[in-house]
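Source file structure19.txt; content: compact mmCIF, C-alpha atoms.
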```txt
# COMPACT_ATOMS: atom_id res chain seq x y z
CA MET A 1 103.21 104.44 144.52
CA LYS A 2 101.31 102.46 141.88
CA LYS A 3 99.74 103.23 138.53
CA LEU A 4 96.26 101.73 138.75
CA SER A 5 95.18 99.16 136.18
CA ASN A 6 91.59 98.95 134.95
CA ASN A 7 90.90 96.12 137.44
CA ASP A 8 92.20 98.30 140.27
CA ARG A 9 89.44 100.83 139.48
CA ASP A 10 86.58 98.94 137.85
CA TRP A 11 85.62 96.90 140.92
CA ALA A 12 84.52 100.11 142.62
CA ARG A 13 81.95 101.04 139.96
CA LEU A 14 80.96 97.79 138.20
CA SER A 15 78.78 95.21 139.91
CA ASN A 16 80.10 92.27 137.87
CA LYS A 17 83.67 92.53 139.19
CA HIS A 18 84.87 90.04 141.81
CA GLN A 19 88.04 91.90 142.73
CA ALA A 20 87.47 94.26 145.67
CA GLY A 21 90.70 96.16 146.07
CA VAL A 22 94.05 96.99 144.58
CA TYR A 23 96.60 94.52 143.21
CA VAL A 24 99.96 94.80 144.97
CA PRO A 25 102.94 93.42 142.98
CA PRO A 26 105.09 90.80 144.79
CA ARG A 27 108.16 93.06 144.73
CA GLU A 28 106.39 95.79 146.68
CA ARG A 29 104.56 93.26 148.87
CA ASP A 30 107.84 91.74 150.05
CA SER A 31 109.88 94.96 150.16
CA GLY A 32 109.45 95.60 153.88
CA PHE A 33 107.19 98.57 153.24
CA PHE A 34 104.15 96.53 154.29
CA PRO A 35 103.96 94.47 157.48
CA PRO A 36 105.04 90.86 156.83
CA LEU A 37 102.39 88.41 155.70
CA VAL A 38 101.64 85.44 157.99
CA ALA A 39 99.78 82.22 157.31
CA LYS A 40 96.11 82.32 158.20
CA ASP A 41 94.77 79.59 160.50
CA ARG A 42 92.52 77.28 158.48
CA ASP A 43 90.29 74.39 159.52
CA ASP A 44 91.26 72.29 156.51
CA PRO A 45 94.94 71.23 156.80
CA GLU A 46 94.93 70.24 153.11
CA ALA A 47 93.83 73.67 151.92
CA ARG A 48 96.30 75.88 150.13
CA GLU A 49 97.89 78.49 152.33
CA ILE A 50 96.44 81.98 152.62
CA ARG A 51 98.93 84.62 153.76
CA GLU A 52 97.71 87.94 155.12
CA THR A 53 98.45 91.00 157.19
CA TRP A 54 96.22 93.73 158.63
CA PHE A 55 96.86 97.44 159.07
CA ARG A 56 95.07 100.75 159.42
CA THR A 57 94.56 103.04 156.45
CA ALA A 58 93.49 106.68 156.42
CA TRP A 59 91.95 108.27 153.31
CA PRO A 60 92.04 112.02 154.09
CA GLN A 61 90.45 113.03 150.76
CA PHE A 62 87.27 111.33 151.95
CA GLY A 63 87.59 111.55 155.73
CA ILE A 64 87.66 107.77 156.05
CA GLU A 65 89.69 105.35 158.15
CA ARG A 66 89.64 101.61 157.53
CA LYS A 67 91.10 98.35 158.76
CA SER A 68 92.67 97.09 155.55
CA ARG A 69 94.09 93.72 154.63
CA LEU A 70 96.88 92.57 152.35
CA VAL A 71 96.05 89.00 151.30
CA HIS A 72 97.91 86.45 149.19
CA TYR A 73 95.99 83.38 148.07
CA THR A 74 98.87 81.05 147.23
CA SER A 75 96.55 78.91 145.09
CA LYS A 76 96.35 81.87 142.65
CA GLY A 77 100.08 82.27 142.22
CA PRO A 78 101.70 85.57 143.20
CA GLU A 79 98.41 87.51 143.06
CA THR A 80 98.08 89.73 146.14
CA HIS A 81 95.44 92.34 146.87
CA MET A 82 94.84 95.11 149.36
CA THR A 83 91.20 94.91 150.44
CA GLY A 84 89.11 96.83 152.92
CA VAL A 85 89.49 100.07 150.98
CA PRO A 86 86.75 102.66 150.25
CA LYS A 87 85.01 102.46 146.88
CA GLN A 88 84.77 106.21 146.52
CA ALA A 89 88.55 106.47 146.41
CA PHE A 90 88.58 104.55 143.10
CA SER A 91 85.14 104.70 141.45
CA ASP A 92 85.56 107.97 139.55
CA LEU A 93 89.24 107.79 138.62
CA SER A 94 90.46 108.14 135.04
CA PRO A 95 92.58 105.40 133.45
CA ALA A 96 96.24 105.29 134.54
CA SER A 97 95.57 107.13 137.81
CA TRP A 98 97.75 106.72 140.89
CA LEU A 99 97.56 105.27 144.37
CA VAL A 100 100.05 106.82 146.78
CA MET A 101 100.58 105.27 150.22
CA VAL A 102 102.74 106.79 152.94
CA ARG A 103 103.76 104.75 155.98
CA ALA A 104 102.29 106.37 159.11
CA ASP A 105 102.04 104.05 162.11
CA TRP A 106 99.54 104.82 164.89
CA ASP A 107 100.54 104.03 168.47
CA GLY A 108 102.78 101.20 167.33
CA GLU A 109 100.10 99.78 165.03
CA PRO A 110 101.10 99.67 161.35
CA GLY A 111 99.23 102.14 159.20
CA PHE A 112 99.25 104.15 155.98
CA VAL A 113 97.92 107.44 154.69
CA CYS A 114 96.47 106.75 151.24
CA LEU A 115 95.77 109.14 148.37
CA SER A 116 94.17 108.39 145.02
CA ILE A 117 95.43 110.85 142.40
CA ASP A 118 93.41 111.20 139.20
CA SER A 119 95.64 111.05 136.13
CA ASN A 120 93.84 114.03 134.61
CA SER A 121 94.51 116.28 137.60
CA ASP A 122 97.18 118.93 138.01
CA GLU A 123 98.32 117.02 141.10
CA ALA A 124 99.27 114.05 138.92
CA ILE A 125 101.45 116.28 136.76
CA VAL A 126 103.17 117.81 139.79
CA LEU A 127 103.66 114.38 141.36
CA ALA A 128 105.31 112.84 138.30
CA ASP A 129 107.40 115.95 137.70
CA THR A 130 108.62 116.23 141.30
CA LEU A 131 109.53 112.56 141.52
CA GLY A 132 111.05 112.49 138.03
CA LEU A 133 108.78 109.68 136.81
CA ASP A 134 108.71 108.80 133.14
CA ILE A 135 106.23 106.65 131.24
CA THR A 136 108.04 103.42 132.15
CA PHE A 137 107.21 103.71 135.85
CA ILE A 138 104.43 101.37 136.99
CA SER A 139 104.96 100.85 140.72
CA GLY A 140 107.64 101.09 143.35
CA ILE A 141 108.66 102.07 146.86
CA LEU A 142 109.99 105.61 146.60
CA ASP A 143 111.90 107.81 149.01
CA PRO A 144 111.09 111.42 148.03
CA CYS A 145 113.93 112.78 150.16
CA ASP A 146 116.42 110.56 148.36
CA ILE A 147 115.00 111.52 144.94
CA LEU A 148 115.21 115.23 145.72
CA ALA A 149 118.71 114.82 147.15
CA ARG A 150 119.93 113.12 143.97
CA GLU A 151 118.33 115.87 141.88
CA ARG A 152 120.03 118.48 144.07
CA ASP A 153 123.38 116.73 143.66
CA ARG A 154 123.04 116.83 139.88
CA ILE A 155 122.29 120.53 140.02
CA MET A 156 125.17 121.20 142.42
CA ASP A 157 127.64 119.37 140.18
CA PHE A 158 126.79 121.80 137.42
CA ALA A 159 126.57 124.74 139.86
CA GLU A 160 130.30 124.44 140.45
CA GLU A 161 130.91 125.09 136.76
CA VAL A 162 128.49 128.02 136.89
CA ALA A 163 130.29 129.52 139.88
CA LEU A 164 133.68 129.26 138.18
CA ALA A 165 132.29 130.89 135.05
CA TRP A 166 130.81 133.75 137.10
CA LEU A 167 134.05 134.30 139.01
CA ALA A 168 135.92 134.41 135.71
CA GLY A 169 133.48 136.99 134.36
CA ASN A 170 132.35 134.62 131.60
CA ILE A 171 128.84 133.81 132.80
CA ALA A 172 127.07 135.20 129.69
CA ALA A 173 129.27 133.24 127.29
CA PHE A 174 129.00 130.17 129.50
CA ALA A 175 125.19 130.40 129.41
CA ALA A 176 125.16 130.53 125.62
CA ASP A 177 127.64 127.66 125.25
CA ARG A 178 126.79 125.25 128.07
CA ALA A 179 123.31 126.04 129.33
CA LYS A 180 121.16 127.05 126.39
CA MET A 181 118.02 125.01 125.81
CA PRO A 182 117.89 123.79 122.19
CA VAL A 183 114.83 124.81 120.20
CA THR A 184 112.20 122.09 120.09
CA VAL A 185 113.01 120.82 116.61
CA GLU A 186 116.71 120.46 117.52
CA LEU A 187 115.96 118.67 120.78
CA ALA A 188 113.57 116.34 118.96
CA ALA A 189 116.29 115.53 116.42
CA MET A 190 118.80 114.82 119.20
CA ALA A 191 116.39 112.41 120.88
CA ARG A 192 115.61 110.72 117.57
CA THR A 193 119.29 110.24 116.83
CA ALA A 194 119.83 108.75 120.28
CA PHE A 195 116.92 106.33 119.71
CA LEU A 196 118.25 105.21 116.33
CA GLU A 197 121.72 104.66 117.76
CA ARG A 198 120.35 102.79 120.78
CA HIS A 199 118.35 100.41 118.60
CA LYS A 200 120.87 100.28 115.74
CA LEU A 201 118.41 101.63 113.18
CA ALA A 202 119.06 103.67 110.07
CA ALA A 203 115.78 105.59 109.93
CA LEU A 204 112.47 106.06 111.70
CA ASP A 205 110.59 104.27 108.92
CA PRO A 206 107.05 103.39 110.13
CA PHE A 207 106.76 100.61 107.56
CA THR A 208 109.79 98.70 108.81
CA LEU A 209 109.50 99.38 112.54
CA GLU A 210 107.55 96.65 114.29
CA HIS A 211 106.01 99.10 116.77
CA PRO A 212 106.25 102.63 115.34
CA GLY A 213 103.94 104.11 117.97
CA ASP A 214 105.97 102.71 120.83
CA ALA A 215 109.06 104.17 119.14
CA ILE A 216 107.53 107.64 119.04
CA ARG A 217 106.49 107.32 122.67
CA GLU A 218 109.97 106.23 123.76
CA ILE A 219 111.65 109.05 121.85
CA SER A 220 109.38 111.86 123.00
CA ARG A 221 108.40 110.72 126.51
CA VAL A 222 111.56 108.97 127.72
CA ILE A 223 114.69 109.93 125.79
CA GLU A 224 113.80 113.53 124.98
CA TRP A 225 112.22 114.04 128.39
CA GLU A 226 115.48 113.18 130.15
CA MET A 227 117.47 115.35 127.74
CA PHE A 228 115.06 118.20 128.35
CA ARG A 229 115.33 117.85 132.13
CA GLU A 230 119.14 118.03 131.97
CA PHE A 231 119.11 121.11 129.74
CA GLN A 232 116.53 122.73 131.99
CA ARG A 233 118.59 122.05 135.11
CA ARG A 234 121.50 123.85 133.49
CA GLU A 235 119.47 126.68 132.05
CA ARG A 236 117.67 127.43 135.32
CA ALA A 237 120.87 127.19 137.38
CA VAL A 238 122.53 129.84 135.22
CA GLU A 239 119.42 132.04 135.15
CA LEU A 240 119.15 131.96 138.94
CA VAL A 241 122.83 132.88 139.40
CA ARG A 242 122.54 135.73 136.93
CA ALA A 243 119.28 136.95 138.53
CA VAL A 244 120.91 137.11 141.98
CA LEU A 245 124.54 138.03 141.22
CA GLY A 246 124.38 139.64 137.82
CA ASP A 247 126.89 139.08 135.02
CA ASP A 248 129.87 140.95 136.42
CA ALA A 249 132.10 139.21 138.97
CA VAL A 250 132.51 141.51 141.95
CA LYS A 251 133.77 141.09 145.47
CA ILE A 252 130.69 140.19 147.43
CA ASP A 253 129.98 139.23 151.04
CA MET A 254 127.18 137.10 152.49
CA LYS A 255 125.16 140.15 153.55
CA SER A 256 125.14 141.38 149.97
CA VAL A 257 124.17 137.93 148.67
CA VAL A 258 121.17 137.82 151.04
CA ARG A 259 120.12 141.33 150.02
CA ARG A 260 120.33 140.42 146.35
CA LEU A 261 118.32 137.25 146.97
CA VAL A 262 115.54 139.29 148.54
CA ASP A 263 115.62 141.84 145.72
CA ALA A 264 115.52 139.07 143.11
CA THR A 265 112.49 137.25 144.56
CA GLY A 266 110.20 138.36 141.73
CA ALA A 267 112.71 137.33 139.08
CA ILE A 268 113.21 133.92 140.72
CA ASP A 269 109.45 133.31 140.81
CA ALA A 270 109.22 134.21 137.12
CA ILE A 271 112.08 131.84 136.28
CA MET A 272 110.45 128.90 138.08
CA LEU A 273 107.03 129.63 136.52
CA SER A 274 108.66 129.75 133.10
CA ALA A 275 110.26 126.36 133.78
CA SER A 276 106.88 124.81 134.57
CA GLN A 277 105.27 126.25 131.44
CA GLN A 278 108.22 125.14 129.33
CA ARG A 279 107.80 121.54 130.50
CA LYS A 280 104.13 121.52 129.51
CA SER A 281 104.61 122.97 126.03
CA ARG A 282 107.67 120.87 125.10
CA ALA A 283 105.81 117.56 125.06
CA GLY A 284 103.35 118.65 122.37
CA TYR A 285 106.03 119.96 120.04
CA SER A 286 108.12 116.81 120.52
CA PHE A 287 105.27 114.49 119.61
CA GLU A 288 104.48 116.49 116.49
CA HIS A 289 108.14 116.58 115.39
CA GLN A 290 108.50 112.79 115.73
CA ILE A 291 105.33 112.11 113.73
CA GLU A 292 106.61 114.44 111.00
CA ALA A 293 109.96 112.60 110.96
CA MET A 294 108.14 109.30 110.63
CA LEU A 295 106.02 110.56 107.73
CA VAL A 296 109.16 111.78 105.97
CA ALA A 297 111.05 108.52 106.60
CA GLY A 298 108.12 106.53 105.23
CA ASN A 299 107.76 108.75 102.12
CA VAL A 300 104.18 109.54 103.08
CA PRO A 301 102.96 112.67 101.24
CA PHE A 302 101.69 115.39 103.58
CA ALA A 303 101.34 119.10 104.17
CA LYS A 304 102.03 120.55 107.62
CA GLN A 305 100.12 123.30 109.41
CA VAL A 306 98.19 124.36 106.31
CA VAL A 307 95.74 127.21 106.87
CA MET A 308 92.24 126.02 106.03
CA ASP A 309 90.58 129.18 107.40
CA ALA A 310 91.00 131.60 110.29
CA ARG A 311 90.19 128.94 112.91
CA LYS A 312 91.47 125.76 111.28
CA ARG A 313 95.12 124.84 110.98
CA PRO A 314 95.49 121.05 111.36
CA ASP A 315 98.87 119.54 112.17
CA PHE A 316 99.05 117.37 109.05
CA VAL A 317 96.95 117.01 105.90
CA LEU A 318 97.52 113.87 103.81
CA PRO A 319 98.41 113.89 100.96
CA SER A 320 97.73 117.63 100.38
CA LEU A 321 95.12 120.31 100.98
CA VAL A 322 94.21 120.34 97.29
CA HIS A 323 93.54 116.60 97.35
CA LEU A 324 91.69 116.83 100.68
CA ARG A 325 89.16 119.21 99.17
CA LYS A 326 88.40 117.01 96.17
CA PRO A 327 84.93 115.37 96.29
CA LEU A 328 86.26 111.83 96.53
CA GLU A 329 84.90 108.75 98.28
CA GLY A 330 86.40 105.80 100.12
CA ALA A 331 90.13 105.15 100.14
CA ALA A 332 90.83 107.93 97.63
CA ARG A 333 89.84 110.60 100.15
CA GLY A 334 92.50 112.62 101.85
CA LEU A 335 92.67 112.77 105.62
CA ILE A 336 93.58 115.02 108.50
CA LEU A 337 96.08 113.81 111.10
CA SER A 338 96.08 115.81 114.32
CA ALA A 339 98.63 115.23 117.10
CA LYS A 340 97.99 115.86 120.80
CA THR A 341 100.05 114.31 123.59
CA THR A 342 97.22 114.79 126.09
CA LEU A 343 93.55 115.18 125.28
CA ARG A 344 91.34 115.92 128.30
CA GLU A 345 88.57 117.98 126.65
CA ARG A 346 90.91 119.28 123.94
CA TRP A 347 89.88 116.53 121.53
CA LYS A 348 86.66 118.50 120.93
CA GLN A 349 88.73 121.27 119.36
CA VAL A 350 89.83 119.07 116.47
CA GLN A 351 86.22 118.48 115.43
CA ARG A 352 86.30 121.98 113.91
CA GLU A 353 89.11 120.84 111.59
CA MET A 354 87.13 118.05 109.96
CA GLU A 355 85.12 119.84 107.24
CA GLY A 356 83.61 116.48 106.36
CA SER A 357 87.08 114.92 106.07
CA ASP A 358 88.36 111.75 107.72
CA LEU A 359 90.06 112.77 110.96
CA PHE A 360 92.69 110.71 112.77
CA LEU A 361 93.79 111.95 116.18
CA ALA A 362 97.22 110.68 117.28
CA THR A 363 97.96 110.69 121.00
CA VAL A 364 100.11 109.10 123.69
CA ASP A 365 97.53 109.86 126.37
CA GLU A 366 96.85 106.97 128.76
CA THR A 367 93.98 108.68 130.55
CA ILE A 368 91.13 108.62 128.02
CA ALA A 369 87.97 107.01 129.38
CA ALA A 370 85.79 104.67 127.33
CA ASN A 371 82.87 107.11 127.18
CA ALA A 372 85.12 109.80 125.63
CA ILE A 373 86.37 107.27 123.06
CA GLU A 374 82.75 106.45 122.19
CA ASP A 375 81.92 110.17 121.89
CA MET A 376 84.79 110.53 119.42
CA ALA A 377 83.52 107.55 117.45
CA SER A 378 80.07 109.15 117.17
CA LEU A 379 81.72 112.21 115.59
CA GLY A 380 83.77 110.14 113.16
CA ILE A 381 87.10 110.67 114.94
CA SER A 382 89.57 107.80 114.89
CA LEU A 383 92.29 107.61 117.55
CA VAL A 384 95.85 106.53 116.74
CA VAL A 385 97.81 105.34 119.80
CA PRO A 386 101.08 103.50 120.49
CA GLU A 387 100.90 99.73 120.29
CA GLY A 388 101.75 99.28 123.96
CA LEU A 389 98.93 101.59 125.05
CA LYS A 390 96.40 99.96 122.73
CA LYS A 391 96.73 96.64 124.54
CA SER A 392 97.63 97.96 128.00
CA LYS A 393 95.59 96.95 131.04
CA ASP A 394 96.00 100.51 132.33
CA THR A 395 94.05 102.08 129.44
CA GLU A 396 90.54 101.69 128.03
CA TYR A 397 91.47 101.55 124.35
CA VAL A 398 90.80 97.83 123.85
CA GLY A 399 87.52 96.92 122.17
CA HIS A 400 86.90 100.21 120.33
CA ASP A 401 86.77 100.06 116.53
CA ASN A 402 87.81 103.70 116.20
CA VAL A 403 91.13 103.11 118.00
CA LEU A 404 94.07 102.07 115.82
CA ASP A 405 97.66 101.58 116.84
CA PHE A 406 100.33 103.36 114.81
CA ALA A 407 101.38 100.15 113.04
CA THR A 408 97.83 99.60 111.78
CA PHE A 409 97.49 103.24 110.79
CA PHE A 410 100.68 103.26 108.73
CA ARG A 411 100.68 99.75 107.26
CA GLY A 412 96.95 99.18 107.02
CA GLU A 413 95.19 102.53 106.67
CA LEU A 414 97.90 104.35 104.69
CA ARG A 415 100.03 101.91 102.69
CA GLY A 416 97.45 99.13 102.47
CA ARG A 417 94.46 101.29 101.61
CA ARG A 418 94.89 104.97 100.84
CA MET A 419 98.33 105.61 99.37
CA VAL A 420 97.66 103.27 96.45
CA ALA A 421 94.61 105.42 95.59
CA TRP A 422 96.37 108.78 95.93
CA PRO A 423 98.09 110.40 92.94
```

Show me the file's structure as structure tokens.
Amino acid sequence: MKKLSNNDRDWARLSNKHQAGVYVPPRERDSGFFPPLVAKDRDDPEAREIRETWFRTAWPQFGIERKSRLVHYTSKGPETHMTGVPKQAFSDLSPASWLVMVRADWDGEPGFVCLSIDSNSDEAIVLADTLGLDITFISGILDPCDILARERDRIMDFAEEVALAWLAGNIAAFAADRAKMPVTVELAAMARTAFLERHKLAALDPFTLEHPGDAIREISRVIEWEMFREFQRRERAVELVRAVLGDDAVKIDMKSVVRRLVDATGAIDAIMLSASQQRKSRAGYSFEHQIEAMLVAGNVPFAKQVVMDARKRPDFVLPSLVHLRKPLEGAARGLILSAKTTLRERWKQVQREMEGSDLFLATVDETIAANAIEDMASLGISLVVPEGLKKSKDTEYVGHDNVLDFATFFRGELRGRRMVAWP
């Protein structure tokens, strides 16, 4: 599985690109997942070695089969590409999309089933969630059975505690004490504390942090995500036991357990649906909480969730709603800061919040295409993204004047320009 860089996609839609395939990192190339590379016979004995291997690939989304090649031109260093792949599998993908390859040999001939998963699709969300991938994952050889087994083992370790609590008749108290999901603001604070301790920092001050955007991304998308997953494992384990067995410990046989499982099918479905919805909503709250903490730590004046009218309630107004509505020009103007972890088409919603004000849209979304960034620029919307994403080869943020990283937003736009002109 590999997160696709811009070069991995652009060759399929741009005529000026020389690359014609997907870059395969040396670690995955030499892992044993692919057939071994062998030296190609060359007429010139002085020429640098070219190492290659051939295999079949099937692309079921497009009904295509190909003879593909993994080739390593040693004169170019470790650079290795998989060529002989269909353009249509890559030409329309969003930034930070995925290539998934599954080993599937045909009649003794090495082969792979290949899927391209658009980063803006529901499938991408399910894939990352099922495999437990966080934002640090770029590529790797994964064993889904092993991943699911390890997840099951973590659940079963806790299930033993749940069972003992149920047998003791203490399942309700146990749920409240050991398996209750913290509210979003508490979970955000726990993750922030863990980040500060990990990096030996006193505060989340955006003016002293070298990369404040990367810090927010690490807190909300790595540290808090793992905390959330652990709490959710516990919460769902207890909910499932209570849905099937109830709260009162009674003598029960296997026949009764099966009957209760059947009777509780609707409740179990509702629990699992709730878990999925909870995962989606948590990320947005987390991102907003960390931005608020950073504004507070940096002594940046702001108002949160102020009601501008029935349809407009921006996340943050700087320095205040009263100041925002003053007829000022240039650096003295107030601004609106909206926070959205993922954008898709949702960025169009924030346009309603502008009222002629300067609007900055903070996000940790890797998937925004260049044409959407240009559309935002035409509406006067500036994007604020983590430093790592701004310069990443997986995103299309580079080269757009309306895209700032968090460090530039805080130190340049706020402290260097606006805060000195605010009262």

Straight-line distance linking CA of Glu151 in chain A with CA of Arg229 in chain A, stated in Å to one decimal |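 Taking CA of Glu151 in chain A and CA of Arg229 in chain A, their separation equals 10.4 Å.
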
From the set A:Ala407, A:Arg13, A:Leu379, A:Arg325, which residue has the shortest atom-to-atom contact distance to Thr208 in chain A, counting all atoms listed in the file?
->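 Of the candidates, the smallest distance to Thr208 in chain A is held by A:Ala407.
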
Given all atoms listed in the file as the counted atoms, nearest of A:Ala293, A:Cys114, A:Ile135, A:Val398 to Arg217 in chain A | A:Ile135

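In this model, the gap between CA of Trp347 in chain A and CA of Met227 in chain A comes to 28.3 Å.
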
Nearest residue to Arg9 in chain A from the set A:Leu142, A:Ala39, A:Ala369, A:Val300 (distances using only C-alpha atoms) =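 Of A:Leu142, A:Ala39, A:Ala369, A:Val300, the one nearest Arg9 in chain A is A:Ala369, counting only C-alpha atoms.
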
Nearest-residue call for Ser5 in chain A, choices A:Thr342, A:Thr184, A:Thr408, A:Ser392, using all atoms listed in the file |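 When distances to Ser5 in chain A are compared using all atoms listed in the file, the smallest one comes from A:Ser392.
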
Exercise: Glu49 in chain A partners within 12 Å, only C-alpha atoms, chain neighbours under 4 positions left out, as a PyMOL selection string | chain A and resi 37-45+71-77

Take CA of Gly298 in chain A and CA of Pro212 in chain A and report the distance between them in Å, one decimal.
->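 CA of Pro212 in chain A lies 11.0 Å from CA of Gly298 in chain A.
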
Find, counting all atoms listed in the file, the residue in A:Thr130, A:Ser286, A:Thr193, A:Thr341 that gets nearest to Ile147 in chain A.
->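 Comparing A:Thr130, A:Ser286, A:Thr193, A:Thr341 against Ile147 in chain A, the winner is A:Thr130.
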
Neighbour list for range 97-105 of chain A as a PDB file with C-alpha atoms, in the coordinates of the input, cut-off 7 Å, all atoms listed in the file, skip fewer than 5 positions in-chain:
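File selection11.pdb, as written:
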```pdb
ATOM      1  CA  MET A   1     103.210 104.440 144.520  1.00  0.00           C
ATOM      2  CA  LYS A   2     101.310 102.460 141.880  1.00  0.00           C
ATOM      3  CA  LYS A   3      99.740 103.230 138.530  1.00  0.00           C
ATOM      4  CA  LEU A   4      96.260 101.730 138.750  1.00  0.00           C
ATOM      5  CA  PRO A 110     101.100  99.670 161.350  1.00  0.00           C
ATOM      6  CA  GLY A 111      99.230 102.140 159.200  1.00  0.00           C
ATOM      7  CA  PHE A 112      99.250 104.150 155.980  1.00  0.00           C
ATOM      8  CA  VAL A 113      97.920 107.440 154.690  1.00  0.00           C
ATOM      9  CA  CYS A 114      96.470 106.750 151.240  1.00  0.00           C
ATOM     10  CA  LEU A 115      95.770 109.140 148.370  1.00  0.00           C
ATOM     11  CA  SER A 116      94.170 108.390 145.020  1.00  0.00           C
ATOM     12  CA  ILE A 117      95.430 110.850 142.400  1.00  0.00           C
ATOM     13  CA  ASP A 118      93.410 111.200 139.200  1.00  0.00           C
ATOM     14  CA  SER A 119      95.640 111.050 136.130  1.00  0.00           C
TER      15      SER A 119
END
```

Skip Ala163 in chain A itself and residues of its chain fewer than 6 positions away, then list as a PDB file with C-alpha atoms, in the frame of the given file all residues within 12 Å of it, counting all atoms listed in the file.
```
ATOM      1  CA  MET A 156     125.170 121.200 142.420  1.00  0.00           C
ATOM      2  CA  ASP A 157     127.640 119.370 140.180  1.00  0.00           C
ATOM      3  CA  GLY A 169     133.480 136.990 134.360  1.00  0.00           C
ATOM      4  CA  ASN A 170     132.350 134.620 131.600  1.00  0.00           C
ATOM      5  CA  ILE A 171     128.840 133.810 132.800  1.00  0.00           C
ATOM      6  CA  PHE A 174     129.000 130.170 129.500  1.00  0.00           C
ATOM      7  CA  ALA A 175     125.190 130.400 129.410  1.00  0.00           C
ATOM      8  CA  ALA A 237     120.870 127.190 137.380  1.00  0.00           C
ATOM      9  CA  VAL A 238     122.530 129.840 135.220  1.00  0.00           C
ATOM     10  CA  LEU A 240     119.150 131.960 138.940  1.00  0.00           C
ATOM     11  CA  VAL A 241     122.830 132.880 139.400  1.00  0.00           C
ATOM     12  CA  ARG A 242     122.540 135.730 136.930  1.00  0.00           C
ATOM     13  CA  LEU A 245     124.540 138.030 141.220  1.00  0.00           C
ATOM     14  CA  GLY A 246     124.380 139.640 137.820  1.00  0.00           C
ATOM     15  CA  ASP A 247     126.890 139.080 135.020  1.00  0.00           C
ATOM     16  CA  ASP A 248     129.870 140.950 136.420  1.00  0.00           C
ATOM     17  CA  ALA A 249     132.100 139.210 138.970  1.00  0.00           C
TER      18      ALA A 249
END
```

Which polymer residues have any atom within 12 Å of an atom of Ser15 in chain A, counting only C-alpha atoms, with same-chain residues fewer than 5 positions away left out, as a compact mmCIF listing (two decimals) with C-alpha atoms, keeping the file's coordinate frame?
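For reference, selection.txt as written:
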```txt
# COMPACT_ATOMS: atom_id res chain seq x y z
CA ASP A 10 86.58 98.94 137.85
CA ALA A 20 87.47 94.26 145.67
CA LYS A 87 85.01 102.46 146.88
CA SER A 91 85.14 104.70 141.45
```

Best match for closeness to Ser220 in chain A among A:Val364, A:Ile141, A:Ala96, A:Val420, counting only C-alpha atoms =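 With only C-alpha atoms as the atom set, the closest residue is A:Val364.
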
If we count only C-alpha atoms, what is near Phe410 in chain A at a cut-off of 12 Å, once residues fewer than 2 positions away on the same chain are taken out, given as a PyMOL selection string?
-> chain A and resi 205-213+291+294-295+297-300+337+360+362+384-386+404-408+412-419

For the point (94.3, 108.9, 163.5) in file coordinates, what residues are within 8 Å, counting all atoms listed in the file? Give the answer as number ranges by chain?
-> A: 58, 65, 106

Create the file for the chosen residues now, containing C-alpha atoms and written as a compact mmCIF listing (two decimals), in the frame of the given file.
```txt
# COMPACT_ATOMS: atom_id res chain seq x y z
CA ALA A 58 93.49 106.68 156.42
CA GLU A 65 89.69 105.35 158.15
CA TRP A 106 99.54 104.82 164.89
```

Expected answer as a list in words: all residues with atoms within 10 Å of (115.0, 118.1, 120.9), only C-alpha atoms |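 Residues close enough to count: Met181, Pro182, Val183, Thr184, Val185, Glu186, Leu187, Ala188, Ala189, Met190, Ala191, Arg192, Thr193, Ile219, Ser220, Ile223, Glu224, Trp225, Met227, Phe228, Arg282, Tyr285, Ser286, His289 and Gln290 of chain A.
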
Go ahead and write the selection's residues with C-alpha atoms as a short mmCIF file (atom, residue, chain, number, x, y, z; two decimals), in the frame of the given file.
```cif
data_model
loop_
_atom_site.label_atom_id
_atom_site.label_comp_id
_atom_site.auth_asym_id
_atom_site.auth_seq_id
_atom_site.Cartn_x
_atom_site.Cartn_y
_atom_site.Cartn_z
CA MET A 181 118.02 125.01 125.81
CA PRO A 182 117.89 123.79 122.19
CA VAL A 183 114.83 124.81 120.20
CA THR A 184 112.20 122.09 120.09
CA VAL A 185 113.01 120.82 116.61
CA GLU A 186 116.71 120.46 117.52
CA LEU A 187 115.96 118.67 120.78
CA ALA A 188 113.57 116.34 118.96
CA ALA A 189 116.29 115.53 116.42
CA MET A 190 118.80 114.82 119.20
CA ALA A 191 116.39 112.41 120.88
CA ARG A 192 115.61 110.72 117.57
CA THR A 193 119.29 110.24 116.83
CA ILE A 219 111.65 109.05 121.85
CA SER A 220 109.38 111.86 123.00
CA ILE A 223 114.69 109.93 125.79
CA GLU A 224 113.80 113.53 124.98
CA TRP A 225 112.22 114.04 128.39
CA MET A 227 117.47 115.35 127.74
CA PHE A 228 115.06 118.20 128.35
CA ARG A 282 107.67 120.87 125.10
CA TYR A 285 106.03 119.96 120.04
CA SER A 286 108.12 116.81 120.52
CA HIS A 289 108.14 116.58 115.39
CA GLN A 290 108.50 112.79 115.73
#
```

Adding 5 Å on each side of the box along x, y and z that holds all listed atoms of range 138-144 of chain A, could you give its centre and edge lengths in Å to one decimal, as lines of an AutoDock Vina configuration file?
```
center_x = 108.2
center_y = 106.1
center_z = 143.0
size_x = 17.5
size_y = 20.6
size_z = 22.0
```
